[in-house]
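Note sheet for the following structure.
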Amino acid sequence: MNALRAKLVASVLRCAFAQLSEDVEEFHWEPNTLPERVSENASSFAPLNLPGFVESVGHEGQWQPLRLVREGRASVYMLEPYSPVKVPVVFVHGAGATARAWRYFIEHLDATRYQAWVYQYPTGVPLDVSAQWLSNILDTLEGTLGFDRMIVVGHSMGGLLARRSVALNAGTTSARYALVTFSAPWGGVPLARFGVRLGRLAVPSWMDLVPDSAFLRVLQTEPLAPTVPHHLFFAYRKDGDELDSDGMISVSSQLETHIRRRAAGIYGFRAGHGAIVEDHSVFQRFAAILSDLSTGGGG
């Protein structure tokens with residue numbers, strides 16, 4: 001049985017790396033064309049139950065990232081028609097996931113005050129590229145729709161991307177931004193080093209997750225604008241000290257010194273890495289932060 005399982009896993013990995021090889025070869029040949037390929041037609045209405053948000057699309061976005069770009073499926077999607085009286089809240093998923101990772105928060109969001117948007121992106125591309133896409137799209141939407149408040153929410157790797165995107169928007173927006181992140185690996189993911197050893201077959205975003213990568217150094221040393229509060233949630237399984245983890249990301253990485261010192265608020269919960277965005281008590285704290293931000297408080 002164990003031998004059969006090992007053969008099955010090996011077969012799946014061979015298939016994944018064969019797909020990735022074709023995709024990544026194109027990335028290495030044409031890295032500068034990526035920002036021009038992403039769809040910026042972000043004003044469309046897309047319910048969360050669309051096939052484009054199923055789990056398999058998240059896997060595809062990690063292992064065949066350029067396919068999603070070529071097909072124009074990387075964008076911000078509104079889950080309801082735009083309303084100028086509601087504050088947009090953009091949810092950014094993590095590695096290998098889709099917007100459905102945020103289903104619990106979206107379903108419990110106060111629909112009388114907020115409108116949920118989701119950023120669907122292929123998680124295999126470099127994080128700085130994905131952050132620039134999001135920044136460009138939000139700039140475009142601000143010019144088109146004229147919103148004056150924006151709350152960007154990121155989970156895991158999506159938190160890194162969200163912070164970088166908000167920083168990029170600092171000099172181009174007149175809207176008031178806020179950032180909320182959950183279980184983000186600000187100090188990196190040591191296991192990413194093993195992925196990088198694959199060389200040209202490495203998923204490009206893995207390189208950004210290696211501790212002390214160029215991307216992480218920028219995040220850690222680049223402050224957000226003084227008007228942008230960052231509320232930081234972290235997860236742990238035992239007592240929450242720096243040796244603890246949420247089952248995937250260490251507490252020490254989630255509470256990296258530079259990021260922690262600049263946070264407007266820090267909130268720890270005993271939860272798993274994915275479960276933190278499915279937890280009712282976590283959502284209640286999140287909702288209270290949204291309420292404070294919407295009334296001018298919250299940092």
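Residue numbering restarts at 1 in every chain; chains get A, B, ... in the order shown in the structure tokens, and ligands count up from 1 in that same order.
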Identify, with DSSP run on backbone atoms, the residues in range 48-259 of chain A assigned to alpha helix (DSSP H), and express the list as an MDAnalysis selection string. chainID A and resid 55:63 65:70 103:108 127:145 157:169 192:196 204:209 214:221 251:254 257:259
Can you write out as a tab-separated table which residues of range 193-286 of chain A fall within 9 Å of range 87-104 of chain A, alongside each residue's closest atom pair and its distance in Å to one decimal, counting only C-alpha atoms and ordering rows by chain and ascending residue number?
residue	atom	partner	partner_atom	distance
A:Ser205	CA	A:Ala95	CA	8.9
A:Gly274	CA	A:Ala101	CA	8.1
A:Val277	CA	A:Trp102	CA	6.6
A:Glu278	CA	A:Tyr104	CA	5.6
A:Asp279	CA	A:Tyr104	CA	8.1
A:His280	CA	A:Tyr104	CA	8.6
A:Phe283	CA	A:Tyr104	CA	8.5
Got time to write the residues from that selection, N, CA and C atoms, as a PDB file, in the first residue's frame?
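See again.pdb below for the written result:
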ATOM      1  N   SER A 205       7.486  32.448  -7.392  1.00  0.00           N
ATOM      2  CA  SER A 205       7.115  33.076  -6.117  1.00  0.00           C
ATOM      3  C   SER A 205       7.819  32.446  -4.928  1.00  0.00           C
ATOM      4  N   GLY A 274      -4.918  27.871   7.818  1.00  0.00           N
ATOM      5  CA  GLY A 274      -6.083  28.182   7.009  1.00  0.00           C
ATOM      6  C   GLY A 274      -7.312  28.483   7.836  1.00  0.00           C
ATOM      7  N   VAL A 277      -8.995  32.120   8.937  1.00  0.00           N
ATOM      8  CA  VAL A 277      -9.955  32.908   8.164  1.00  0.00           C
ATOM      9  C   VAL A 277     -11.293  32.181   8.032  1.00  0.00           C
ATOM     10  N   GLU A 278     -11.508  31.200   8.927  1.00  0.00           N
ATOM     11  CA  GLU A 278     -12.793  30.511   9.004  1.00  0.00           C
ATOM     12  C   GLU A 278     -13.319  30.506  10.434  1.00  0.00           C
ATOM     13  N   ASP A 279     -12.678  31.280  11.301  1.00  0.00           N
ATOM     14  CA  ASP A 279     -12.968  31.277  12.733  1.00  0.00           C
ATOM     15  C   ASP A 279     -13.900  32.445  13.083  1.00  0.00           C
ATOM     16  N   HIS A 280     -14.980  32.143  13.811  1.00  0.00           N
ATOM     17  CA  HIS A 280     -15.964  33.183  14.123  1.00  0.00           C
ATOM     18  C   HIS A 280     -15.398  34.271  15.031  1.00  0.00           C
ATOM     19  N   PHE A 283     -13.260  36.508  13.042  1.00  0.00           N
ATOM     20  CA  PHE A 283     -14.068  37.403  12.210  1.00  0.00           C
ATOM     21  C   PHE A 283     -14.673  38.537  13.028  1.00  0.00           C
TER      22      PHE A 283
END
Spatial neighbours of Val218 in chain A, max dist 12 Å, only C-alpha atoms, sep filter under 2 positions, as a PDB file with C-alpha atoms, in the first residue's frame:
ATOM      1  CA  LEU A 127       5.060  38.547  -5.762  1.00  0.00           C
ATOM      2  CA  ASP A 128       6.241  41.976  -6.857  1.00  0.00           C
ATOM      3  CA  LEU A 160       2.808  40.013   1.691  1.00  0.00           C
ATOM      4  CA  LEU A 161       1.419  40.883  -1.720  1.00  0.00           C
ATOM      5  CA  ARG A 163       1.203  45.171   1.806  1.00  0.00           C
ATOM      6  CA  ARG A 164       3.485  45.651  -1.188  1.00  0.00           C
ATOM      7  CA  ALA A 167       2.892  50.670  -0.565  1.00  0.00           C
ATOM      8  CA  LEU A 168       3.019  51.001  -4.358  1.00  0.00           C
ATOM      9  CA  TRP A 186       6.884  38.354   6.983  1.00  0.00           C
ATOM     10  CA  GLY A 187      10.114  36.617   7.949  1.00  0.00           C
ATOM     11  CA  ASP A 208      10.345  35.601  -2.744  1.00  0.00           C
ATOM     12  CA  ASP A 212      16.056  37.359   3.636  1.00  0.00           C
ATOM     13  CA  SER A 213      14.980  37.416  -0.017  1.00  0.00           C
ATOM     14  CA  ALA A 214      15.174  40.740  -1.845  1.00  0.00           C
ATOM     15  CA  PHE A 215      11.366  40.951  -1.844  1.00  0.00           C
ATOM     16  CA  LEU A 216      11.086  40.385   1.914  1.00  0.00           C
ATOM     17  CA  GLN A 220      10.541  44.818   6.043  1.00  0.00           C
ATOM     18  CA  THR A 221      12.328  48.124   5.426  1.00  0.00           C
ATOM     19  CA  GLU A 222       9.713  50.037   3.424  1.00  0.00           C
ATOM     20  CA  PRO A 223       7.214  51.733   5.754  1.00  0.00           C
ATOM     21  CA  LEU A 224       3.625  52.301   4.719  1.00  0.00           C
ATOM     22  CA  HIS A 258      10.156  45.443  11.479  1.00  0.00           C
ATOM     23  CA  ILE A 259       6.565  44.660  10.499  1.00  0.00           C
TER      24      ILE A 259
END
Using only C-alpha atoms, which protein or nucleic acid residues come within 7 Å of Val210 in chain A? Drop anything in the same chain fewer than 3 positions from it, and give the result as a list in words.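 Counting only the stated atoms, we get Gly188, Val189, Pro190, Ala192, Arg193, Trp206, Met207 and Ser213 of chain A.
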Measure the distance from CA of Asn136 in chain A to CA of Ala225 in chain A in Å and round it to one decimal.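 Interatomic distance, CA of Asn136 in chain A to CA of Ala225 in chain A: 17.7 Å.
Here the question is which of A:Val228, A:Leu293, A:Ser281, A:Tyr119 gets nearest to Arg262 in chain A using only C-alpha atoms, and that residue is A:Val228.
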